[in-house]
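> Dropping the structure in here first, questions after.
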Protein chains: 2
Amino acid sequence: MSKLEQLEQPALTDDELAAVDAYWRAANYLSVGQIYLLDNPLLTEPLRPEHIKPRLLGHWGTTPGLNFCYAHLNRAIKALDLDMMFVTGPGHGGPALLANSWLEGSYSQAYPAVARDGKGMRTLFRQFSFPGGVPSHVAPEVPGSIHEGGELGYSLAHAYGAAFDNPDLIVACVVGDGEAETGPLATSWHANKFCDPVGDGAVLPILHLNGYKIANPTVLARIPRDELDALLRGYGHKPYYVEGHDPEAMHQAMAEVVDAAIADIRAIQRQARDGGPSRRPRWPMVVLRTPKGWTGPGSVDGVPVEGTWRSHQVPLSGVRDNPDHLRQLEEWLRSYRPGELFDGDGAPVARLGELVPDGQRRMGANPHANGGLLLRDLELPDFRDYAVAVDQPGVTSSEPTRVLGRFLRDVLRDNADTANFRLFGPDETASNRLDAVYEVTGKAWQSPIVDTDENLSAHGRVVEVLSEHVCQGWLEGYLLTGRHGLLSCYEAFVHIVDSMFNQHAKWLKVSRGLPWRRPVASLNYLLTSHVWRQDHNGFSHQDPGFIDHVVNKKADIIRVYLPPDTNTLLSVGDHVLRSKNYVNVIVAGKNDSPNWLSVDEAVLHCARGAGIWDWAGTEAEGEEPDVVLGCAGDAPTLEVLAAASLLRRHLPSLRVRVVNVVDLMRLQSATEHPHGMTDREYDTLFTADRPVIFAYHGYPWLIHRLTYRRNGHDNLHVRGYKEEGTTTTPFDMLVLNDMDRFQLVTDVIDRVPGLGRRAAGVRQSMQDNRTRHRYWVRQHGEDLPEVRDWEWSDGRTG
Amino acid sequence: MSKLEQLEQPALTDDELAAVDAYWRAANYLSVGQIYLLDNPLLTEPLRPEHIKPRLLGHWGTTPGLNFCYAHLNRAIKALDLDMMFVTGPGHGGPALLANSWLEGSYSQAYPAVARDGKGMRTLFRQFSFPGGVPSHVAPEVPGSIHEGGELGYSLAHAYGAAFDNPDLIVACVVGDGEAETGPLATSWHANKFCDPVGDGAVLPILHLNGYKIANPTVLARIPRDELDALLRGYGHKPYYVEGHDPEAMHQAMAEVVDAAIADIRAIQRQARDGGPSRRPRWPMVVLRTPKGWTGPGSVDGVPVEGTWRSHQVPLSGVRDNPDHLRQLEEWLRSYRPGELFDGDGAPVARLGELVPDGQRRMGANPHANGGLLLRDLELPDFRDYAVAVDQPGVTSSEPTRVLGRFLRDVLRDNADTANFRLFGPDETASNRLDAVYEVTGKAWQSPIVDTDENLSAHGRVVEVLSEHVCQGWLEGYLLTGRHGLLSCYEAFVHIVDSMFNQHAKWLKVSRGLPWRRPVASLNYLLTSHVWRQDHNGFSHQDPGFIDHVVNKKADIIRVYLPPDTNTLLSVGDHVLRSKNYVNVIVAGKNDSPNWLSVDEAVLHCARGAGIWDWAGTEAEGEEPDVVLGCAGDAPTLEVLAAASLLRRHLPSLRVRVVNVVDLMRLQSATEHPHGMTDREYDTLFTADRPVIFAYHGYPWLIHRLTYRRNGHDNLHVRGYKEEGTTTTPFDMLVLNDMDRFQLVTDVIDRVPGLGRRAAGVRQSMQDNRTRHRYWVRQHGEDLPEVRDWEWSDGRTG
């Protein structure tokens with residue numbers, strides 16, 4: 001269509017234009033009201049200082065643009081009967097989304113006390129950024145939200161996660177130009193290359209260039225138009241531009257562009273679903289360039305505000321004390337002509353209803369955005385069927401994650417029809433030995449596939465990109481829209497998403513307090529390729545601290561599992577896939593390692609979370625042991641059992657108890673964590689006064705932190721990773737961090753009183769072993785043969 | 001130049017071509033040798049299994065491309081006398097950079113035991129990825145490295161950090177196409193918009209598309225050429241392409257492209273430095289598309305390897321046991337014709353020397369890459385000159401970071417000539433109230449500047465982009481090349497760089513053990529806008545856990561400061577800017593808050609790190625107090641002093657001691673941290689047996705973790721942030737987390753025995769105050785007047 005024809009045939013009739021503009025004005029009015037007003041919501045009397053909030057906290061800058069998008073998407077939803085969600089990237093879009101949710105009625109549905117009338121409007125205004133009220137972000141409290149935006153950068157990844165396996169859904173995602181500078185957002189543009197036009201829905205990115213972040217112009221708003229266009233096409237998009245500030249022209253342009261973009265999406269999907277040639281689609285996107293703080297005060301105290309960074313927060317800051325500001329605020333509010341928008345009771349006039357979709361088509365009421373409504377339990381095969389046979393502890397061995405991979409393969413297979421389970425990973429699924437999954441599905445890939453590629457598929461249900469941020473963002477979006485998933489990651493590099501984990505844990509905490517939000521599936525991490533087995537990667541790949549990070553969050557939300565072998569990993573894996581509203585962290589090895597428990601023993605042990613392995617100890621019936629060897633994690637468990645074996649051989653009269661902990665939070669007090677043991681339970685395992693030598697997978701002080709109130713704490717001595725060791729052998733890593741069997745035996749001898757001269761000799765020989773090992777490994781590049789080939793059965797018979 | 005002319009005038013003469021190819025072959029030979037050989041480095045005898053390492057650990061895939069780049073950059077350095085550094089983005093480039101450093105002699109200079117002869121070559125091979133040897137990344141052990149690459153995504157940010165304020169330097173930065181998928185890297189491309197062609201050096205990105213990461217093709221290698229070109233132009237670059245696999249053609253193409261890119265850089269810089277029009281430059285970059293594992297085995301066991309993901313690690317894995325693999329390895333090694341490259345003694349032949357730059361021009365010997373060599377102490381103004389006057393504690397107030405901003409302003413001013421100090425931040429410098437710095441410099445900005453902008457400047461020394469990753473990467477690059485800096489950040493969002501912090505801390509730990517690496521300036525974090533003052537941002541902006549994360553790293557490296565007021569912040573600020581080889585974390589408020597200490601008191605207090613504030617307590621001379629109130633952090637200090645004031649008024653006979661901790665690591669044992677107190681010192685402050693109520697800035701259990709071995713630990717009760725509270729008032733945040741003054745008084749009463757009936761009444765009134773506050777704040781949106789206006793002086797006279 002030529003420019004002339006466009007002028008002749010505007011996208012909107014005069015009536016439609018008036019409707020969309022009225023809706024936009026109403027949302028803007030409600031947004032400004034939230035930022036400023038304690039009372040007098042309908043301006044039924046002249047504005048007075050006592051109508052104004054004592055503390056003005058909120059963000060106007062991004063709001064009118066968000067309202068503009070929402071109004072136009074509503075129009076399209078109604079016109080085209082779209083199933084659409086709205087993801088708000090900009091950090092402080094709260095006023096806009098609250099305004100729209102209230103206007104369309106989804107707010108009052110979730111919060112009946114905030115009705116669509118003058119009283120409800122007063123509450124809506126008053127509660128915003130007010131103590132006991134609602135935050136200024138699009139937090140869990142906002143109906144229709146799956147993305148808070150308080151921490152920037154994850155909107156597009158969340159949007160794609162929501163679109164996966166929802167073929168009829170369109171996720172409109174407003175990307176702020178501040179947010180667009182973050183790393184996670186910058187790489188999320190490439191998520192379009194993993195979105196299947198057949199089985200997935202579509203994401204419609206709307207890059208909102210309002211030009212400024214807190215105090216600076218934005219990078220993307222200040223590059224030339226041709227450079228921006230090249231960038232977006234380089235990301236694989238077909239950009240449509242809506243640029244300006246005149247409302248009428250902008251409404252016409254936006255309506256036209258939204259229609260064109262939706263038509264593109266439908267054409268792409270139709271072609272792909274009809275079996276057309278599988279060229280990777282160039283998905284449409286919108287570039288919306290508006291003034292920041294559009295329609296707000298042009299200037300304040302003689303300084304330009306609209307269209308500058310000064311409109312980021314509260315454009316008029318002195319309203320309570322400065323009569324000029326108060327007058328300007330009243331003019332600003334009245335510029336939206338509230339009398340035309342709300343009736344005498346404060347309800348939106350019928351005209352505004354023309355822009356409100358029906359029922360669940362309202363973006364604030366779309367069930368995808370309250371995923372628990374749609375959540376279906378997974379069909380889970382019986383994990384016992386995948387178990388390794390264990391007749392005797394420590395005789396056979398297996399690769400725990402490889403076995404889990406077979407279970408996950410069948411989870412993928414058994415839920416293929418419902419398409420509600422996916423595996424995510426940063427190019428590590430095979431490295432983490434979960435590759436059995438490729439027997440039933442491929443890795444999502446829309447780009448060309450060549451002969452030498454393996455397991456790529458346009459419809460694959462394993463999603464891999466070399467960005468932990470995007471993987472986590474996808475998974476979060478997938479979970480929050482009512483599906484299930486698991487992210488496997490190298491243990492050290494999961495710290496890349498520390499901050500994303502924080503936000504998700506906080507989201508879950510708040511959601512749990514909202515009765516209308518239904519529980520979603522847990523966020524499951526499988527951390528493998530862990531600190532003790534970075535033989536070839538060295539120091540930079542060694543960091544077990546994610547657990548420490550995780551346990552700072554609310555105990556209600558957090559679960560940490562350290563299965564010591566294959567069958568316990570299977571049991572834990574099954575458990576986490578059934579759970580809801582948690583973050584589950586599983587740390588497990590991928591390397592071939594001993595099987596300790598039969599599957600029945602594993603189930604029992606995991607259910608208890610911690611227990612005495614009596615087959616490994618030498619206690620006498622009815623007596624307290626001389627020493628307790630505790631362990632959590634696969635490498636520590638092996639060393640503790642080896643130490644127990646050495647003690648049996650060399651100090652046969654010593655009474656040793658071995659306790660293994662699989663559910664780490666059992667160590668905390670029952671008053672602090674739902675899984676915590678009572679002191680009595682703790683003492684039953686660890687005794688109240690005997691020395692406890694505890695070998696732990698991660699930083700040793702975490703165990704002290706979890707147990708510092710326990711009776712026996714003063715007798716607890718913990719070994720763990722202390723940032724030593726680099727490229728070396730597995731056993732050398734243990735020696736360098738003083739967690740090897742020889743050191744554990746030494747620790748026992750040093751802490752159990754009265755062991756006598758024989759023990760002194762054993763102690764010396766243990767330390768000699770350490771020295772001999774250090775020499776050997778440097779000469780041969782391999783561990784001492786006796787530690788490499790050691791088996792528990794030897795220990796037992798030793 | 002037309003294609004025909006290019007053919008007529010190849011960039012390299014036959015001799016030059018032969019030289020660069022020989023150098024490349026030598027580097028490739030040395031790389032393969034490192035991955036495989038224990039012995040027989042020069043293949044003086046047929047290869048036998050015992051010459052092969054028992055564990056094959058290394059990564060071939062990226063190596064030949066890196067060697068190719070290094071050879072060609074060497075050629076350009078020599079031809080054009082360039083001052084150039086090499087940043088290796090791909091994760092596992094160790095073999096390549098070790099090979100080149102050994103070839104050019106910089107390795108033997110750093111490690112005389114690894115000479116440039118056959119014996120040295122044997123050691124070079126043997127030590128690689130071998131216990132006690134060197135890692136497979138470009139770790140600190142590698143001369144010329146400032147970037148390990150083990151965790152992907154930071155190469156470009158490091159490169160730009162190195163280029164800042166080094167106008168004669170060119171930083172060649174190879175970006176792997178795997179790494180290019182990470183968020184930090186994806187947004188780092190925009191760093192070119194902050195690089196000043198006048199005062200900064202240049203970065204020459206070389207995007208190495210070898211097509212594969214661990215097990216998948218890469219995103220950028222599989223998008224069409226026009227899309228890639230659009231993307232790179234969209235990033236603001238002028239891309240040059242070198243694509244193919246035939247060595248001769250590739251050498252010619254690469255030589256031509258490198259020459260053209262250097263010519264572009266020089267033209268851009270000349271034009272800008274001659275005062276030409278200040279249009280933002282379109283910096284050149286190189287796209288190098290080669291097979292992965294180029295020149296390695298084409299196929300192994302009938303499966304294609306070269307040019308596929310299978311060449312990522314060790315292409316021939318069964319060499320010790322499989323005679324075919326052994327034969328193939330020998331053929332592969334001999335394909336580089338080592339006889340032409342090394343003399344009988346194993347030294348590189350003279351011909352290879354033609355490609356080796358002189359002295360410090362060698363990239364392995366460039367002093368910028370061993371920044372401590374160039375480090376000059378900052379000129380620091382006397383921080384006492386910026387102090388606020390404090391005649392009496394708690395009567396006046398100030399904004400701590402605003403005052404620090406004045407000090408930082410003059411640090412920028414006084415070091416403007418040396419240009420070796422910068423401030424970095426994610427769009428928060430003004431929000432964090434450091435904006436005095438704009439009196440002497442601007443914010444770096446190369447894009448157009450409009451009238452309403454403030455403080456932007458093409459030559460600004462404050463660098464802001466809305467990416468914590470890029471800010472941290474810039475600062476790391478800046479520090480590692482011998483300069484100083486500080487990153488200010490919202491406390492909650494510094495978790496975004498948790499993993500980058502990990503890598504830097506690990507880098508420092510390893511560097512400290514390398515005598516040839518000279519100490520660099522510390523990495524300084526100023527965390528403000530902290531957990532207790534997120535009034536308008538709410539729950540998502542509340543996270544004090546970075547401290548917990550940091551203290552997991554080696555005690556030698558880590559320092560954490562919690563200055564309670566303005567003058568202590570100044571003292572700490574001065575201290576950290578003088579320090580070397582640490583990571584310093586400062587947590588300080590930006591809000592107006594009481595001044596407690598005069599500057600002389602502050603200096604003494606900070607030097608001690610923790611101390612009794614006797615003016616705040618009520619102890620009798622020579623007697624132990626009844627209770628100790630400990631505090632660390634500004635908000636906790638205020639509450640503890642308010643609690644002390646309430647106790648004085650209501651329970652005047654109670655003997656209270658107030659202890660403030662500014663240097664958090666003082667709490668740890670002297671055996672665990674260099675700053676740790678002895679038990680005797682600890683008991684002198686906290687007593688061995690009296691109740692201690694400790695109010696802490698962050699998660700309370702950290703204090704337990706740091707003190708669990710202390711005598712009085714069982715009497716220690718810690719209050720802190722426990723993930724409660726959202727958008728609310730400052731005092732309400734304290735109440736919600738049970739750290740308010742009323743609760744602290746309650747805690748005292750609950751823990752000091754024998755206080756009697758009066759205390760019970762006080763306790764009740766304290767709890768009533770909490771209830772009254774909760775009601776008040778919800779009604780009025782403001783704190784109770786008496787907690788808002790409270791001053792220590794009132795308390796004192798109360």
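Chain labels follow the order of the structure tokens: the first chain is A, the next B, and so on; residue numbering restarts at 1 in every chain, and ligands are counted from 1 in their shown order.
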Do you know which residues are at most 10 Å from Val752 of chain A counting only C-alpha atoms, after dropping those on the same chain fewer than 2 positions away, and could you put them as a list in words?
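So, after excluding close chain neighbours, the residues are Asp626, Val627, Leu654, Arg690, Pro691, Val692, Asp747, Val748, Ile749, Asp750, Gly754 and Leu755 of chain A.
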> Show which residues sit within 8 Å of Pro730 of chain A, as a PDB file with C-alpha atoms, in the first residue's frame. Count only C-alpha atoms, and ignore same-chain residues fewer than 4 positions away.

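Saved to around.pdb:
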```pdb
ATOM      1  CA  TRP A 532      34.945 -32.584  42.361  1.00  0.00           C
ATOM      2  CA  ARG A 533      35.085 -33.754  38.772  1.00  0.00           C
ATOM      3  CA  GLN A 534      36.532 -30.868  36.826  1.00  0.00           C
ATOM      4  CA  ASP A 535      39.607 -32.869  35.980  1.00  0.00           C
ATOM      5  CA  LEU A 734      40.135 -34.381  47.472  1.00  0.00           C
ATOM      6  CA  ASP A 783      45.765 -41.427  40.924  1.00  0.00           C
TER       7      ASP A 783
END
```
> If you run DSSP on the backbone here, which positions in segment 564-705 of chain B get helix (DSSP H, G or I)? Please write them as number ranges by chain.
B: 566-578, 599-608, 614-616, 634-650, 664-667, 679-686, 701-705
> Compile the contact shell of Asp548 of chain A as an NGL selection string: residues with an atom at most 12 Å away, counting only C-alpha atoms, same-chain residues fewer than 2 positions apart removed.
(:A and (495 or 498 or 543-546 or 550-553 or 558-560 or 585 or 664-665 or 697-706)) or (:B and (545-552 or 699 or 701-702 or 705))
> Restricting the calculation to only C-alpha atoms, which member of B:Arg719, B:Arg362, B:Arg310, B:Arg483 is positioned closest to chain A?
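Closest residue, counting only C-alpha atoms: B:Arg310.
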> Measure the distance from atom CA of Glu601 of chain A to atom CA of Asp556 of chain A in Å and round it to one decimal.
27.2 Å
> Could you pull the residues within 6 Å of segment 179-188 of chain A, counting only C-alpha atoms, minus those fewer than 4 positions along the same chain, as a ChimeraX atom specification?
/A:152-154,156-157,469 /B:183-184,186-187,466-467
> Could you save those same residues with N, CA, C and O atoms as a JSON list (two decimals), in the first residue's frame?

```
[["chain", "number", "residue", "atom", "x", "y", "z"],
["A", 152, "LEU", "N", 15.87, -6.17, 35.23],
["A", 152, "LEU", "CA", 15.64, -6.07, 33.80],
["A", 152, "LEU", "C", 16.32, -7.18, 33.01],
["A", 152, "LEU", "O", 17.32, -7.71, 33.43],
["A", 153, "GLY", "N", 15.77, -7.49, 31.86],
["A", 153, "GLY", "CA", 16.51, -8.30, 30.90],
["A", 153, "GLY", "C", 15.91, -9.65, 30.55],
["A", 153, "GLY", "O", 16.44, -10.33, 29.68],
["A", 154, "TYR", "N", 14.82, -10.05, 31.22],
["A", 154, "TYR", "CA", 14.37, -11.42, 31.02],
["A", 154, "TYR", "C", 13.04, -11.51, 30.28],
["A", 154, "TYR", "O", 12.48, -12.59, 30.12],
["A", 156, "LEU", "N", 11.97, -11.15, 27.10],
["A", 156, "LEU", "CA", 11.84, -11.93, 25.86],
["A", 156, "LEU", "C", 12.00, -13.41, 26.12],
["A", 156, "LEU", "O", 11.29, -14.23, 25.55],
["A", 157, "ALA", "N", 12.94, -13.77, 26.99],
["A", 157, "ALA", "CA", 13.12, -15.19, 27.29],
["A", 157, "ALA", "C", 11.86, -15.74, 27.96],
["A", 157, "ALA", "O", 11.40, -16.84, 27.64],
["A", 469, "HIS", "N", 21.30, -17.74, 30.97],
["A", 469, "HIS", "CA", 20.21, -16.78, 31.18],
["A", 469, "HIS", "C", 18.98, -17.14, 30.35],
["A", 469, "HIS", "O", 17.86, -17.15, 30.84],
["B", 183, "GLY", "N", 24.63, -13.89, 26.97],
["B", 183, "GLY", "CA", 24.12, -12.54, 27.11],
["B", 183, "GLY", "C", 25.21, -11.49, 27.22],
["B", 183, "GLY", "O", 25.19, -10.49, 26.48],
["B", 184, "PRO", "N", 26.15, -11.67, 28.13],
["B", 184, "PRO", "CA", 27.16, -10.63, 28.29],
["B", 184, "PRO", "C", 27.89, -10.31, 26.98],
["B", 184, "PRO", "O", 28.14, -9.16, 26.66],
["B", 186, "ALA", "N", 26.73, -10.86, 23.92],
["B", 186, "ALA", "CA", 25.79, -10.31, 22.94],
["B", 186, "ALA", "C", 25.62, -8.81, 23.13],
["B", 186, "ALA", "O", 25.49, -8.06, 22.17],
["B", 187, "THR", "N", 25.63, -8.36, 24.37],
["B", 187, "THR", "CA", 25.47, -6.92, 24.56],
["B", 187, "THR", "C", 26.80, -6.19, 24.53],
["B", 187, "THR", "O", 26.83, -4.98, 24.33],
["B", 466, "LEU", "N", 23.48, 0.05, 30.83],
["B", 466, "LEU", "CA", 22.56, -0.70, 31.69],
["B", 466, "LEU", "C", 22.84, -2.19, 31.59],
["B", 466, "LEU", "O", 21.98, -3.00, 31.21],
["B", 467, "SER", "N", 24.08, -2.55, 31.90],
["B", 467, "SER", "CA", 24.46, -3.96, 31.94],
["B", 467, "SER", "C", 25.53, -4.10, 33.01],
["B", 467, "SER", "O", 26.67, -3.66, 32.82]]
```
> Considering only strand (DSSP E or B) as DSSP defines it on the backbone, what residues of segment 115-185 of chain B qualify? List them as a list in words.
Phe128, Val134, Leu169, Ile170, Val171, Ala172, Cys173, Val174, Val175 and Gly176 of chain B
> Please write the residues from the selection above to a file, keeping N, CA, C and O atoms, as a PDB file, in the first residue's frame.

```pdb
ATOM      1  N   PHE B 128      50.739 -29.706  30.314  1.00  0.00           N
ATOM      2  CA  PHE B 128      49.422 -29.237  29.897  1.00  0.00           C
ATOM      3  C   PHE B 128      48.330 -30.176  30.392  1.00  0.00           C
ATOM      4  O   PHE B 128      48.365 -31.378  30.148  1.00  0.00           O
ATOM      5  N   VAL B 134      49.394 -27.032  34.028  1.00  0.00           N
ATOM      6  CA  VAL B 134      48.637 -25.829  33.695  1.00  0.00           C
ATOM      7  C   VAL B 134      47.265 -26.207  33.128  1.00  0.00           C
ATOM      8  O   VAL B 134      47.115 -27.251  32.497  1.00  0.00           O
ATOM      9  N   LEU B 169      47.071   1.551  22.064  1.00  0.00           N
ATOM     10  CA  LEU B 169      46.930   0.100  22.134  1.00  0.00           C
ATOM     11  C   LEU B 169      45.823  -0.396  21.201  1.00  0.00           C
ATOM     12  O   LEU B 169      44.778   0.238  21.082  1.00  0.00           O
ATOM     13  N   ILE B 170      46.076  -1.528  20.571  1.00  0.00           N
ATOM     14  CA  ILE B 170      45.010  -2.248  19.858  1.00  0.00           C
ATOM     15  C   ILE B 170      44.816  -3.582  20.557  1.00  0.00           C
ATOM     16  O   ILE B 170      45.773  -4.335  20.754  1.00  0.00           O
ATOM     17  N   VAL B 171      43.592  -3.845  20.959  1.00  0.00           N
ATOM     18  CA  VAL B 171      43.299  -5.109  21.617  1.00  0.00           C
ATOM     19  C   VAL B 171      42.577  -6.002  20.626  1.00  0.00           C
ATOM     20  O   VAL B 171      41.418  -5.760  20.284  1.00  0.00           O
ATOM     21  N   ALA B 172      43.295  -6.996  20.142  1.00  0.00           N
ATOM     22  CA  ALA B 172      42.658  -7.976  19.259  1.00  0.00           C
ATOM     23  C   ALA B 172      41.894  -8.944  20.139  1.00  0.00           C
ATOM     24  O   ALA B 172      42.427  -9.443  21.125  1.00  0.00           O
ATOM     25  N   CYS B 173      40.650  -9.176  19.809  1.00  0.00           N
ATOM     26  CA  CYS B 173      39.805  -9.997  20.678  1.00  0.00           C
ATOM     27  C   CYS B 173      39.093 -11.046  19.852  1.00  0.00           C
ATOM     28  O   CYS B 173      38.203 -10.729  19.062  1.00  0.00           O
ATOM     29  N   VAL B 174      39.504 -12.288  20.011  1.00  0.00           N
ATOM     30  CA  VAL B 174      38.834 -13.373  19.296  1.00  0.00           C
ATOM     31  C   VAL B 174      37.574 -13.751  20.069  1.00  0.00           C
ATOM     32  O   VAL B 174      37.638 -14.080  21.260  1.00  0.00           O
ATOM     33  N   VAL B 175      36.453 -13.647  19.410  1.00  0.00           N
ATOM     34  CA  VAL B 175      35.168 -14.006  20.005  1.00  0.00           C
ATOM     35  C   VAL B 175      34.739 -15.341  19.418  1.00  0.00           C
ATOM     36  O   VAL B 175      34.577 -15.463  18.197  1.00  0.00           O
ATOM     37  N   GLY B 176      34.571 -16.330  20.257  1.00  0.00           N
ATOM     38  CA  GLY B 176      34.105 -17.633  19.766  1.00  0.00           C
ATOM     39  C   GLY B 176      32.634 -17.576  19.436  1.00  0.00           C
ATOM     40  O   GLY B 176      31.883 -16.802  20.040  1.00  0.00           O
TER      41      GLY B 176
END
```
> Can you work out which one of B:Pro625, B:Asn28, B:Lys590, B:His368 has the shortest atom-to-atom distance to Leu404 of chain B, counting only C-alpha atoms?
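Answer, going by the shortest atom-to-atom distance: B:Lys590.
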> Quick check, in Å to one decimal: how far apart do atom CA of Arg758 of chain A and atom CA of Asn660 of chain A lie?
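Going from atom CA of Arg758 of chain A over to atom CA of Asn660 of chain A, I get 28.2 Å.
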> For segment 431-446 of chain B, work out the shell of residues within 6 Å, counting only C-alpha atoms and skipping chain neighbours fewer than 2 positions away, then give it as number ranges by chain.
B: 193-194, 280, 401-402, 405-406, 409, 428-429, 455-460, 462-463
> Pick the closest to chain B from A:Arg270, A:His541, A:His158, A:Arg518: which is it, counting only C-alpha atoms?
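Checking each of A:Arg270, A:His541, A:His158, A:Arg518 against chain B, counting only C-alpha atoms, the winner is A:His541.
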> Point out the residue among B:Asp663, B:Glu330, B:Glu50, B:Asp427 with the least atom-to-atom distance to chain A, counting only C-alpha atoms.
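Once distances to chain A are computed over only C-alpha atoms, the minimum belongs to B:Asp427.
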> Go through B:Thr687, B:Ser499, B:Gln9, B:Ser397 and flag the residue nearest chain A, using only C-alpha atoms for the distances.
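Nearest to chain A: B:Ser499.
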> Give one line per residue of segment 477-551 of chain B that approaches segment 91-114 of chain A to at most 12 Å, naming the two atoms of the closest pair and their distance in Å to one decimal, counting only C-alpha atoms; sort by chain then ascending residue number and deliver it as CSV.

```
residue,atom,partner,partner_atom,distance
B:His536,CA,A:His92,CA,10.2
B:Asn537,CA,A:His92,CA,8.6
B:Gly538,CA,A:His92,CA,11.1
B:Ser540,CA,A:Gly91,CA,10.5
B:His541,CA,A:Gly91,CA,11.0
```
> Restricted to N, CA and C atoms, what would the selected residues look like written as a CSV table (one decimal), in the first residue's frame?

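Everything below was put into again-v5.csv:
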```
chain,number,residue,atom,x,y,z
B,536,HIS,N,10.5,2.4,47.4
B,536,HIS,CA,9.7,2.5,46.2
B,536,HIS,C,9.8,1.3,45.3
B,537,ASN,N,10.9,0.5,45.5
B,537,ASN,CA,11.1,-0.6,44.6
B,537,ASN,C,10.6,-2.0,45.1
B,538,GLY,N,10.6,-2.1,46.4
B,538,GLY,CA,10.0,-3.3,46.9
B,538,GLY,C,10.9,-4.6,46.9
B,540,SER,N,11.6,-7.1,45.0
B,540,SER,CA,12.5,-7.6,44.0
B,540,SER,C,13.8,-6.9,44.1
B,541,HIS,N,13.9,-5.8,44.8
B,541,HIS,CA,15.1,-5.0,44.9
B,541,HIS,C,15.8,-5.2,46.2
```
